[in-house]
Amino acid sequence: MRLPALEHLEPTSLEEACRLFQEKGGEGVKALAGGTDLLVSMKQRVLTPRYLVNLKGLSELKGIDYDERQGLKIGPVVTLRELQAAPVVQEKYPALGEAAHAVGATQHQFMGTVGGNLCLDTRCWYYNQSHGWRKSRPACFKLGGEVCHVVEGGKACFAAYQGDMASALLALGAEVRVTHVGGERTLPLEELFTGRGKSPHFLQSNDILSNLRVPPPLSAQGASYKKLRLRESIDFPLVGAAVALSLESGDGVIQEARVFLTAVGSGPVRVSKAEDLLRGNLFSEEILEKAGEEASRAAHPVSNMPASPDYRKKMAAVFMKRAAKEAYKQAKGNYSDPENVFGMS
């Protein structure tokens, strides 16, 4: 399949890029960073922008920096491989390295960017297909039609958000800066997502994701991201779970907990009830089992990808518990076998 006709634009500054987005406007212009998902969608004619604005060369969007008071700063065009390899990420934010390593295959990680993975469109079997395949069916909600091919009688789009990086960044309390002509705004990453399948982000047509910040880790904090997929080397998640825990000094009581899922809804899913169960309690098999049940309840997958919704709901609990065990080990400074967290052989 070939790309549709387009004009490739290369701004030399973030200001110029913002101006190009404003001038070209709407769905006729898209940002190009790694292109690992965008170019495939264009070949399928899922997206047919007239202009691509290449952000990869902009120095303002590059780099990984760490400050003990302000935390980690990540440029959105930093590649997933660069994020994994950064010493400060390996030392202080291993969950981000786990999530970056889980994206696609090695080739995707060398090309794909952190910002690109955050801004992934939602996906569905009936949407992410070739033009020839799609035209044999009535247009779905995501394509501007009035039908959902996944949920019979559905009144909205149920396409799933399947980004890996979002849940790990959300568990760590990240915030993002969005730049546009004439200004910028900073918001918690959680506020970037609409939770709607048809349009998963609150970004306006002339907005550019220009910065990510992750708070400095607490002295007794751990976080982990775990992913279920069919093929270990390439696939989007069927379920992804990220857990961050911080402990009170001494007895190991959980002071703070953040739990997020991906691929089981039209946006990242926060499991607040699991957080409430973990917070203020000693980490135990009983508490973890109850938290896993809440993760399963919070997951609302539909039949728009491989594996049944029931299976993926069950796996939401399994992978949430695996991530929580790893996060607890990190927080305790114990990196032994996950199966021995509770003294199990």
# chains A, B, ... in the order shown; residues from 1 in each chain; ligands from 1

$ select_by_dssp --residues "stretch 170-302 of chain A" --states "alpha helix (DSSP H)" --output "number ranges by chain"
A: 170-171, 272-278, 285-298

$ write_last_selection --atoms "N, CA and C atoms" --output "PDB file, in the first residue's frame"
ATOM      1  N   LEU A 170       0.997   7.879  34.061  1.00  0.00           N
ATOM      2  CA  LEU A 170      -0.100   8.258  34.943  1.00  0.00           C
ATOM      3  C   LEU A 170       0.118   7.740  36.362  1.00  0.00           C
ATOM      4  N   ALA A 171       0.583   6.507  36.488  1.00  0.00           N
ATOM      5  CA  ALA A 171       0.838   5.945  37.811  1.00  0.00           C
ATOM      6  C   ALA A 171       1.892   6.745  38.566  1.00  0.00           C
ATOM      7  N   SER A 272      -9.536   3.476  41.074  1.00  0.00           N
ATOM      8  CA  SER A 272      -9.519   4.193  42.353  1.00  0.00           C
ATOM      9  C   SER A 272      -9.842   3.288  43.530  1.00  0.00           C
ATOM     10  N   LYS A 273     -10.750   2.326  43.330  1.00  0.00           N
ATOM     11  CA  LYS A 273     -11.121   1.446  44.441  1.00  0.00           C
ATOM     12  C   LYS A 273      -9.970   0.525  44.844  1.00  0.00           C
ATOM     13  N   ALA A 274      -9.162   0.118  43.888  1.00  0.00           N
ATOM     14  CA  ALA A 274      -7.967  -0.661  44.227  1.00  0.00           C
ATOM     15  C   ALA A 274      -6.969   0.202  44.991  1.00  0.00           C
ATOM     16  N   GLU A 275      -6.831   1.448  44.572  1.00  0.00           N
ATOM     17  CA  GLU A 275      -5.943   2.374  45.290  1.00  0.00           C
ATOM     18  C   GLU A 275      -6.393   2.534  46.739  1.00  0.00           C
ATOM     19  N   ASP A 276      -7.698   2.686  46.950  1.00  0.00           N
ATOM     20  CA  ASP A 276      -8.226   2.862  48.301  1.00  0.00           C
ATOM     21  C   ASP A 276      -7.973   1.635  49.173  1.00  0.00           C
ATOM     22  N   LEU A 277      -8.070   0.444  48.566  1.00  0.00           N
ATOM     23  CA  LEU A 277      -7.810  -0.784  49.319  1.00  0.00           C
ATOM     24  C   LEU A 277      -6.348  -0.889  49.744  1.00  0.00           C
ATOM     25  N   LEU A 278      -5.456  -0.498  48.855  1.00  0.00           N
ATOM     26  CA  LEU A 278      -4.030  -0.612  49.142  1.00  0.00           C
ATOM     27  C   LEU A 278      -3.563   0.459  50.128  1.00  0.00           C
ATOM     28  N   GLU A 285      -1.313 -10.669  50.702  1.00  0.00           N
ATOM     29  CA  GLU A 285      -1.992 -11.425  49.654  1.00  0.00           C
ATOM     30  C   GLU A 285      -3.491 -11.136  49.655  1.00  0.00           C
ATOM     31  N   GLU A 286      -4.070 -11.003  50.837  1.00  0.00           N
ATOM     32  CA  GLU A 286      -5.508 -10.744  50.939  1.00  0.00           C
ATOM     33  C   GLU A 286      -5.875  -9.385  50.341  1.00  0.00           C
ATOM     34  N   ILE A 287      -5.119  -8.353  50.705  1.00  0.00           N
ATOM     35  CA  ILE A 287      -5.393  -7.013  50.172  1.00  0.00           C
ATOM     36  C   ILE A 287      -5.163  -6.991  48.666  1.00  0.00           C
ATOM     37  N   LEU A 288      -4.103  -7.650  48.222  1.00  0.00           N
ATOM     38  CA  LEU A 288      -3.787  -7.654  46.799  1.00  0.00           C
ATOM     39  C   LEU A 288      -4.875  -8.361  45.996  1.00  0.00           C
ATOM     40  N   GLU A 289      -5.413  -9.437  46.537  1.00  0.00           N
ATOM     41  CA  GLU A 289      -6.482 -10.165  45.847  1.00  0.00           C
ATOM     42  C   GLU A 289      -7.721  -9.280  45.689  1.00  0.00           C
ATOM     43  N   LYS A 290      -8.064  -8.561  46.713  1.00  0.00           N
ATOM     44  CA  LYS A 290      -9.219  -7.659  46.645  1.00  0.00           C
ATOM     45  C   LYS A 290      -8.967  -6.522  45.656  1.00  0.00           C
ATOM     46  N   ALA A 291      -7.747  -6.002  45.643  1.00  0.00           N
ATOM     47  CA  ALA A 291      -7.412  -4.938  44.693  1.00  0.00           C
ATOM     48  C   ALA A 291      -7.495  -5.455  43.268  1.00  0.00           C
ATOM     49  N   GLY A 292      -7.062  -6.703  43.048  1.00  0.00           N
ATOM     50  CA  GLY A 292      -7.166  -7.300  41.726  1.00  0.00           C
ATOM     51  C   GLY A 292      -8.607  -7.439  41.273  1.00  0.00           C
ATOM     52  N   GLU A 293      -9.489  -7.785  42.199  1.00  0.00           N
ATOM     53  CA  GLU A 293     -10.921  -7.882  41.864  1.00  0.00           C
ATOM     54  C   GLU A 293     -11.459  -6.528  41.412  1.00  0.00           C
ATOM     55  N   GLU A 294     -11.003  -5.457  42.048  1.00  0.00           N
ATOM     56  CA  GLU A 294     -11.449  -4.119  41.648  1.00  0.00           C
ATOM     57  C   GLU A 294     -10.906  -3.751  40.262  1.00  0.00           C
ATOM     58  N   ALA A 295      -9.696  -4.195  39.966  1.00  0.00           N
ATOM     59  CA  ALA A 295      -9.149  -3.944  38.627  1.00  0.00           C
ATOM     60  C   ALA A 295      -9.989  -4.644  37.572  1.00  0.00           C
ATOM     61  N   SER A 296     -10.398  -5.863  37.855  1.00  0.00           N
ATOM     62  CA  SER A 296     -11.241  -6.603  36.921  1.00  0.00           C
ATOM     63  C   SER A 296     -12.578  -5.900  36.726  1.00  0.00           C
ATOM     64  N   ARG A 297     -13.160  -5.393  37.802  1.00  0.00           N
ATOM     65  CA  ARG A 297     -14.443  -4.693  37.697  1.00  0.00           C
ATOM     66  C   ARG A 297     -14.317  -3.389  36.907  1.00  0.00           C
ATOM     67  N   ALA A 298     -13.185  -2.730  37.042  1.00  0.00           N
ATOM     68  CA  ALA A 298     -12.995  -1.445  36.360  1.00  0.00           C
ATOM     69  C   ALA A 298     -12.737  -1.611  34.869  1.00  0.00           C
TER      70      ALA A 298
END

$ residues_around --residues "stretch 143-146 of chain A" --least-positions-apart "4" --cutoff "10 Å" --atoms "only C-alpha atoms" --output "number ranges by chain"
A: 46-47, 127, 134, 138-139, 154-157, 198

$ residues_around --residues "A:Asp121" --least-positions-apart "4" --cutoff "10 Å" --atoms "only C-alpha atoms" --output "ChimeraX atom specification"
/A:37-38,41,116-117,159-163,197-201,266-267

$ closest_residue --among "A:Arg196, A:Asn281, A:Ala331, A:Phe202" --to "A:Ser246" --atoms "only C-alpha atoms"
A:Ala331

$ closest_residue --among "A:Leu230, A:Leu58, A:Val40, A:Met315" --to "A:Glu16" --atoms "only C-alpha atoms"
A:Leu58

$ select_by_dssp --residues "stretch 149-287 of chain A" --states "strand (DSSP E or B)" --output "JSON, numbers by chain"
{"A": [160, 175, 176, 177, 178, 179, 180, 183, 184, 185, 186, 187, 188, 193, 201, 208, 209, 210, 211, 212, 213, 214, 221, 222, 223, 224, 225, 226, 227, 228, 239, 240, 241, 242, 243, 244, 245, 246, 247, 253, 254, 255, 256, 257, 258, 259, 260, 261, 262, 269, 270, 282]}

$ atom_distance --atom1 "atom CA of A:Ile234" --atom2 "atom CA of A:Lys56"
23.1 Å

$ closest_residue --among "A:Val181, A:Ala102, A:Leu209, A:Ile254" --to "A:Ala324" --atoms "only C-alpha atoms"
A:Ile254

$ residues_around --residues "stretch 210-223 of chain A" --least-positions-apart "6" --cutoff "9 Å" --atoms "only C-alpha atoms" --output "ChimeraX atom specification"
/A:14,60-62,66-77,92-96,115,168-169,171-179,186,189,242-249,256,323-324,326-333

$ closest_atom_pairs --of "stretch 198-236 of chain A" --to "stretch 307-313 of chain A" --cutoff "12 Å" --atoms "only C-alpha atoms" --output "CSV"
residue,atom,partner,partner_atom,distance
A:Lys227,CA,A:Arg312,CA,11.3
A:Leu228,CA,A:Arg312,CA,8.9
A:Arg229,CA,A:Ala307,CA,9.5
A:Leu230,CA,A:Ala307,CA,8.7

$ write_last_selection --atoms "N, CA and C atoms" --output "PDB file, in the first residue's frame"
ATOM      1  N   LYS A 227       2.348  -6.122  30.833  1.00  0.00           N
ATOM      2  CA  LYS A 227       1.555  -6.109  29.608  1.00  0.00           C
ATOM      3  C   LYS A 227       1.248  -7.522  29.126  1.00  0.00           C
ATOM      4  N   LEU A 228       0.004  -7.722  28.718  1.00  0.00           N
ATOM      5  CA  LEU A 228      -0.424  -8.960  28.074  1.00  0.00           C
ATOM      6  C   LEU A 228      -0.612  -8.696  26.585  1.00  0.00           C
ATOM      7  N   ARG A 229      -0.011  -9.555  25.740  1.00  0.00           N
ATOM      8  CA  ARG A 229      -0.199  -9.456  24.293  1.00  0.00           C
ATOM      9  C   ARG A 229      -0.036 -10.842  23.689  1.00  0.00           C
ATOM     10  N   LEU A 230      -0.513 -11.005  22.468  1.00  0.00           N
ATOM     11  CA  LEU A 230      -0.437 -12.317  21.823  1.00  0.00           C
ATOM     12  C   LEU A 230       0.990 -12.654  21.427  1.00  0.00           C
TER      13      LEU A 230
END

$ closest_residue --among "A:Leu120, A:Val53, A:Val29, A:Val253" --to "A:Phe236" --atoms "only C-alpha atoms"
A:Leu120

$ atom_distance --atom1 "atom CA of A:Cys18" --atom2 "atom CA of A:His108"
26.4 Å

$ residues_around --residues "A:Pro49" --least-positions-apart "5" --cutoff "8 Å" --atoms "only C-alpha atoms" --output "PyMOL selection string"
chain A and resi 6+27-30+42

$ write_last_selection --atoms "N, CA, C and O atoms" --output "JSON list (two decimals), in the first residue's frame"
[["chain", "number", "residue", "atom", "x", "y", "z"],
["A", 6, "LEU", "N", 0.57, 13.98, -0.27],
["A", 6, "LEU", "CA", 0.70, 14.85, 0.90],
["A", 6, "LEU", "C", 1.84, 15.84, 0.68],
["A", 6, "LEU", "O", 2.67, 15.68, -0.22],
["A", 27, "GLU", "N", -8.36, 18.46, 10.42],
["A", 27, "GLU", "CA", -7.90, 17.10, 10.17],
["A", 27, "GLU", "C", -6.97, 17.02, 8.96],
["A", 27, "GLU", "O", -6.44, 15.96, 8.66],
["A", 28, "GLY", "N", -6.77, 18.15, 8.29],
["A", 28, "GLY", "CA", -5.91, 18.14, 7.11],
["A", 28, "GLY", "C", -4.43, 18.18, 7.42],
["A", 28, "GLY", "O", -3.61, 18.13, 6.51],
["A", 29, "VAL", "N", -4.06, 18.26, 8.72],
["A", 29, "VAL", "CA", -2.66, 18.31, 9.09],
["A", 29, "VAL", "C", -2.43, 17.39, 10.29],
["A", 29, "VAL", "O", -3.26, 17.32, 11.20],
["A", 30, "LYS", "N", -1.32, 16.67, 10.26],
["A", 30, "LYS", "CA", -0.95, 15.78, 11.36],
["A", 30, "LYS", "C", 0.52, 15.98, 11.71],
["A", 30, "LYS", "O", 1.34, 16.33, 10.85],
["A", 42, "MET", "N", -2.17, 5.91, 7.40],
["A", 42, "MET", "CA", -2.31, 6.63, 6.14],
["A", 42, "MET", "C", -2.32, 5.67, 4.95],
["A", 42, "MET", "O", -3.07, 5.86, 4.00]]

$ closest_residue --among "A:Leu55, A:Leu203, A:Met1, A:Ala105" --to "A:Ser130" --atoms "only C-alpha atoms"
A:Met1

$ decode --residues "stretch 184-215 of chain A" --atoms "N, CA, C and O atoms" --output "compact mmCIF listing (two decimals), in the first residue's frame"
# COMPACT_ATOMS: atom_id res chain seq x y z
N GLU A 184 0.72 28.56 26.07
CA GLU A 184 0.87 27.17 26.44
C GLU A 184 0.10 26.92 27.72
O GLU A 184 -0.28 27.86 28.44
N ARG A 185 -0.16 25.64 28.00
CA ARG A 185 -0.83 25.28 29.25
C ARG A 185 -0.23 23.98 29.77
O ARG A 185 0.21 23.14 28.99
N THR A 186 -0.20 23.84 31.08
CA THR A 186 0.29 22.63 31.72
C THR A 186 -0.86 21.97 32.46
O THR A 186 -1.63 22.65 33.15
N LEU A 187 -1.01 20.67 32.31
CA LEU A 187 -2.11 19.97 32.94
C LEU A 187 -1.68 18.58 33.35
O LEU A 187 -0.74 18.02 32.77
N PRO A 188 -2.35 18.01 34.35
CA PRO A 188 -2.07 16.61 34.69
C PRO A 188 -2.32 15.73 33.47
O PRO A 188 -3.27 15.95 32.72
N LEU A 189 -1.49 14.73 33.28
CA LEU A 189 -1.63 13.86 32.11
C LEU A 189 -3.02 13.25 32.04
O LEU A 189 -3.57 13.05 30.95
N GLU A 190 -3.61 12.97 33.18
CA GLU A 190 -4.94 12.37 33.21
C GLU A 190 -5.96 13.22 32.45
O GLU A 190 -6.93 12.70 31.88
N GLU A 191 -5.77 14.54 32.45
CA GLU A 191 -6.72 15.45 31.80
C GLU A 191 -6.51 15.53 30.29
O GLU A 191 -7.28 16.20 29.60
N LEU A 192 -5.52 14.85 29.77
CA LEU A 192 -5.30 14.83 28.33
C LEU A 192 -6.28 13.91 27.62
O LEU A 192 -6.56 14.06 26.43
N PHE A 193 -6.84 12.94 28.35
CA PHE A 193 -7.65 11.89 27.74
C PHE A 193 -9.14 12.12 27.96
O PHE A 193 -9.57 12.42 29.08
N THR A 194 -9.91 11.95 26.90
CA THR A 194 -11.35 12.15 26.97
C THR A 194 -12.10 10.91 27.44
O THR A 194 -13.21 11.03 27.95
N GLY A 195 -11.53 9.72 27.23
CA GLY A 195 -12.25 8.49 27.51
C GLY A 195 -13.26 8.14 26.44
O GLY A 195 -14.06 7.21 26.61
N ARG A 196 -13.23 8.84 25.30
CA ARG A 196 -14.16 8.60 24.21
C ARG A 196 -13.44 7.92 23.05
O ARG A 196 -12.35 8.35 22.64
N GLY A 197 -14.03 6.88 22.50
CA GLY A 197 -13.40 6.13 21.42
C GLY A 197 -13.21 6.94 20.16
O GLY A 197 -12.19 6.81 19.47
N LYS A 198 -14.15 7.80 19.83
CA LYS A 198 -14.08 8.54 18.58
C LYS A 198 -12.98 9.57 18.58
O LYS A 198 -12.29 9.78 17.58
N SER A 199 -12.77 10.23 19.71
CA SER A 199 -11.75 11.28 19.81
C SER A 199 -11.10 11.19 21.19
O SER A 199 -11.60 11.78 22.16
N PRO A 200 -9.99 10.46 21.33
CA PRO A 200 -9.48 10.09 22.66
C PRO A 200 -8.71 11.17 23.41
O PRO A 200 -8.42 10.99 24.59
N HIS A 201 -8.36 12.29 22.74
CA HIS A 201 -7.56 13.32 23.40
C HIS A 201 -8.26 14.67 23.37
O HIS A 201 -9.04 14.96 22.45
N PHE A 202 -7.94 15.51 24.33
CA PHE A 202 -8.49 16.87 24.38
C PHE A 202 -7.64 17.85 23.59
O PHE A 202 -7.89 19.05 23.64
N LEU A 203 -6.63 17.39 22.88
CA LEU A 203 -5.77 18.29 22.09
C LEU A 203 -6.58 18.95 20.99
O LEU A 203 -7.35 18.31 20.29
N GLN A 204 -6.40 20.26 20.84
CA GLN A 204 -7.02 20.99 19.74
C GLN A 204 -6.18 20.80 18.48
O GLN A 204 -5.04 20.33 18.53
N SER A 205 -6.73 21.21 17.35
CA SER A 205 -6.06 20.95 16.07
C SER A 205 -4.72 21.67 15.95
O SER A 205 -3.86 21.26 15.17
N ASN A 206 -4.52 22.76 16.71
CA ASN A 206 -3.25 23.49 16.63
C ASN A 206 -2.39 23.32 17.88
O ASN A 206 -1.45 24.07 18.11
N ASP A 207 -2.71 22.32 18.72
CA ASP A 207 -1.92 22.03 19.92
C ASP A 207 -0.77 21.09 19.60
O ASP A 207 -0.92 20.15 18.81
N ILE A 208 0.37 21.33 20.25
CA ILE A 208 1.52 20.43 20.15
C ILE A 208 1.95 20.04 21.55
O ILE A 208 2.18 20.90 22.41
N LEU A 209 2.03 18.74 21.80
CA LEU A 209 2.55 18.25 23.07
C LEU A 209 4.04 18.60 23.12
O LEU A 209 4.82 18.12 22.30
N SER A 210 4.43 19.44 24.06
CA SER A 210 5.79 19.98 24.01
C SER A 210 6.68 19.56 25.18
O SER A 210 7.89 19.80 25.14
N ASN A 211 6.11 18.92 26.21
CA ASN A 211 6.94 18.59 27.37
C ASN A 211 6.19 17.62 28.28
O ASN A 211 4.97 17.68 28.38
N LEU A 212 6.92 16.71 28.91
CA LEU A 212 6.36 15.85 29.95
C LEU A 212 7.23 15.97 31.19
O LEU A 212 8.46 16.02 31.09
N ARG A 213 6.59 15.99 32.35
CA ARG A 213 7.32 16.02 33.61
C ARG A 213 6.78 14.95 34.55
O ARG A 213 5.58 14.77 34.66
N VAL A 214 7.71 14.27 35.21
CA VAL A 214 7.36 13.24 36.19
C VAL A 214 7.96 13.67 37.52
O VAL A 214 9.16 13.98 37.59
N PRO A 215 7.18 13.72 38.60
CA PRO A 215 7.72 14.17 39.89
C PRO A 215 8.89 13.30 40.35
O PRO A 215 8.99 12.13 39.97
